[in-house]
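Working notes for the structure below.
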Amino acid sequence: MQVNLSSRLEGTDMLAEKADRREFIDLLKRMLRLDADKRITPTKTLGHPFVTMSHPLDFPHSSHVKSSFQNMELCKRMSSSFDNQKTLFSANTLP
């Protein structure tokens, strides 16, 4: 499979980006299979390396990887904040 990369990346950033795109393409192909019996299940999707972000661990010094993990932490905090607000709102509503 050929993965086209940005020409501005070099070294471990390029390798990390290539691995990231390869895993994304793999997941996408599995999700788009026409035969439902061969299509990836939701449970297996949640365990895929692209979703779990286990594949970038091979590139700990890559700024691309560091940025990805920082973005994931931000999303987790925002999601947690949203869930807390939603819980607070639902606790204050009358049945």
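Residue names in the structure tokens use chain letters A, B, ... in the order shown, residue numbers from 1 in each chain, and ligand numbers from 1 in the order shown.
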
Next item on the list: List the neighbours of region 59-72 of chain A out to 7 Å using only C-alpha atoms; skip same-chain residues closer than 6 positions along the sequence, and give me the result as a list in words.
Entry: Thr12, Asp13, Ala16 and Glu17 of chain A

Item checked: Test item: residues at most 10 Å from Val51 (chain A), only C-alpha atoms, excluding those fewer than 4 positions along its chain, as a PyMOL selection string -> chain A and resi 23-24+27+44-47+55

Output N, CA and C atoms for every residue in the selection just made, as a PDB file, in the first residue's frame.
ATOM      1  N   GLU A  23      -2.322   2.663   9.419  1.00  0.00           N
ATOM      2  CA  GLU A  23      -3.329   2.093  10.323  1.00  0.00           C
ATOM      3  C   GLU A  23      -4.720   2.656  10.033  1.00  0.00           C
ATOM      4  N   PHE A  24      -4.795   3.949   9.710  1.00  0.00           N
ATOM      5  CA  PHE A  24      -6.083   4.554   9.380  1.00  0.00           C
ATOM      6  C   PHE A  24      -6.672   3.908   8.128  1.00  0.00           C
ATOM      7  N   LEU A  27      -7.971   0.424   8.917  1.00  0.00           N
ATOM      8  CA  LEU A  27      -9.260   0.484   9.614  1.00  0.00           C
ATOM      9  C   LEU A  27     -10.380   0.861   8.649  1.00  0.00           C
ATOM     10  N   LYS A  44     -14.235  -4.830  17.715  1.00  0.00           N
ATOM     11  CA  LYS A  44     -12.886  -4.936  17.152  1.00  0.00           C
ATOM     12  C   LYS A  44     -12.383  -3.570  16.692  1.00  0.00           C
ATOM     13  N   THR A  45     -13.296  -2.716  16.254  1.00  0.00           N
ATOM     14  CA  THR A  45     -12.903  -1.361  15.859  1.00  0.00           C
ATOM     15  C   THR A  45     -12.309  -0.625  17.051  1.00  0.00           C
ATOM     16  N   LEU A  46     -12.941  -0.759  18.209  1.00  0.00           N
ATOM     17  CA  LEU A  46     -12.439  -0.084  19.413  1.00  0.00           C
ATOM     18  C   LEU A  46     -11.072  -0.604  19.847  1.00  0.00           C
ATOM     19  N   GLY A  47     -10.727  -1.816  19.419  1.00  0.00           N
ATOM     20  CA  GLY A  47      -9.428  -2.386  19.758  1.00  0.00           C
ATOM     21  C   GLY A  47      -8.379  -2.215  18.674  1.00  0.00           C
ATOM     22  N   HIS A  55      -0.036   2.135  17.931  1.00  0.00           N
ATOM     23  CA  HIS A  55       1.025   2.122  16.913  1.00  0.00           C
ATOM     24  C   HIS A  55       2.031   3.262  17.032  1.00  0.00           C
TER      25      HIS A  55
END

Check: Among region 4-62 of chain A, which residues carry a DSSP assignment of helix (DSSP H, G or I), reported as number ranges by chain?
Finding: A: 11-31, 42-46, 49-52, 55-58

Selection above as a file: N, CA and C atoms, as a compact mmCIF listing (two decimals), in the first residue's frame:
# COMPACT_ATOMS: atom_id res chain seq x y z
N GLY A 11 12.54 12.37 9.19
CA GLY A 11 12.94 11.53 10.31
C GLY A 11 11.80 10.77 10.96
N THR A 12 11.77 10.79 12.30
CA THR A 12 10.75 10.03 13.03
C THR A 12 9.35 10.58 12.80
N ASP A 13 9.24 11.88 12.52
CA ASP A 13 7.91 12.44 12.23
C ASP A 13 7.34 11.81 10.96
N MET A 14 8.18 11.64 9.95
CA MET A 14 7.73 11.04 8.71
C MET A 14 7.33 9.58 8.93
N LEU A 15 8.15 8.85 9.68
CA LEU A 15 7.85 7.44 9.96
C LEU A 15 6.56 7.30 10.78
N ALA A 16 6.39 8.17 11.76
CA ALA A 16 5.19 8.12 12.59
C ALA A 16 3.94 8.46 11.78
N GLU A 17 4.03 9.47 10.94
CA GLU A 17 2.89 9.86 10.09
C GLU A 17 2.54 8.73 9.13
N LYS A 18 3.56 8.09 8.59
CA LYS A 18 3.34 6.98 7.66
C LYS A 18 2.64 5.82 8.37
N ALA A 19 3.09 5.48 9.57
CA ALA A 19 2.47 4.40 10.34
C ALA A 19 1.03 4.77 10.69
N ASP A 20 0.79 6.02 11.05
CA ASP A 20 -0.54 6.50 11.41
C ASP A 20 -1.49 6.37 10.22
N ARG A 21 -1.04 6.82 9.07
CA ARG A 21 -1.89 6.74 7.87
C ARG A 21 -2.13 5.30 7.46
N ARG A 22 -1.12 4.46 7.61
CA ARG A 22 -1.27 3.05 7.25
C ARG A 22 -2.34 2.40 8.12
N GLU A 23 -2.32 2.66 9.42
CA GLU A 23 -3.33 2.09 10.32
C GLU A 23 -4.72 2.66 10.03
N PHE A 24 -4.79 3.95 9.71
CA PHE A 24 -6.08 4.55 9.38
C PHE A 24 -6.67 3.91 8.13
N ILE A 25 -5.85 3.73 7.11
CA ILE A 25 -6.31 3.11 5.86
C ILE A 25 -6.76 1.68 6.12
N ASP A 26 -6.01 0.95 6.94
CA ASP A 26 -6.39 -0.42 7.27
C ASP A 26 -7.76 -0.45 7.95
N LEU A 27 -7.97 0.42 8.92
CA LEU A 27 -9.26 0.48 9.61
C LEU A 27 -10.38 0.86 8.65
N LEU A 28 -10.14 1.85 7.82
CA LEU A 28 -11.15 2.29 6.86
C LEU A 28 -11.54 1.16 5.91
N LYS A 29 -10.56 0.43 5.40
CA LYS A 29 -10.84 -0.70 4.51
C LYS A 29 -11.70 -1.75 5.21
N ARG A 30 -11.37 -2.02 6.47
CA ARG A 30 -12.14 -3.02 7.22
C ARG A 30 -13.57 -2.55 7.48
N MET A 31 -13.75 -1.26 7.69
CA MET A 31 -15.08 -0.71 7.96
C MET A 31 -15.95 -0.66 6.70
N PRO A 42 -17.92 -3.45 15.70
CA PRO A 42 -17.68 -2.28 16.56
C PRO A 42 -16.68 -2.57 17.69
N THR A 43 -16.78 -3.75 18.28
CA THR A 43 -15.87 -4.10 19.37
C THR A 43 -14.43 -4.19 18.87
N LYS A 44 -14.24 -4.83 17.71
CA LYS A 44 -12.89 -4.94 17.15
C LYS A 44 -12.38 -3.57 16.69
N THR A 45 -13.30 -2.72 16.25
CA THR A 45 -12.90 -1.36 15.86
C THR A 45 -12.31 -0.62 17.05
N LEU A 46 -12.94 -0.76 18.21
CA LEU A 46 -12.44 -0.08 19.41
C LEU A 46 -11.07 -0.60 19.85
N PRO A 49 -5.48 -0.71 16.36
CA PRO A 49 -4.35 0.17 16.71
C PRO A 49 -4.57 1.65 16.41
N PHE A 50 -5.33 1.98 15.36
CA PHE A 50 -5.57 3.39 15.07
C PHE A 50 -6.41 4.04 16.16
N VAL A 51 -7.40 3.31 16.66
CA VAL A 51 -8.29 3.85 17.69
C VAL A 51 -7.60 3.87 19.05
N THR A 52 -6.88 2.81 19.37
CA THR A 52 -6.21 2.74 20.67
C THR A 52 -4.92 3.56 20.70
N HIS A 55 -0.04 2.13 17.93
CA HIS A 55 1.02 2.12 16.91
C HIS A 55 2.03 3.26 17.03
N PRO A 56 1.67 4.47 17.50
CA PRO A 56 2.68 5.53 17.59
C PRO A 56 3.66 5.37 18.75
N LEU A 57 3.44 4.39 19.61
CA LEU A 57 4.33 4.21 20.75
C LEU A 57 5.75 3.84 20.31
N ASP A 58 5.89 3.41 19.06
CA ASP A 58 7.21 3.10 18.52
C ASP A 58 8.00 4.37 18.19
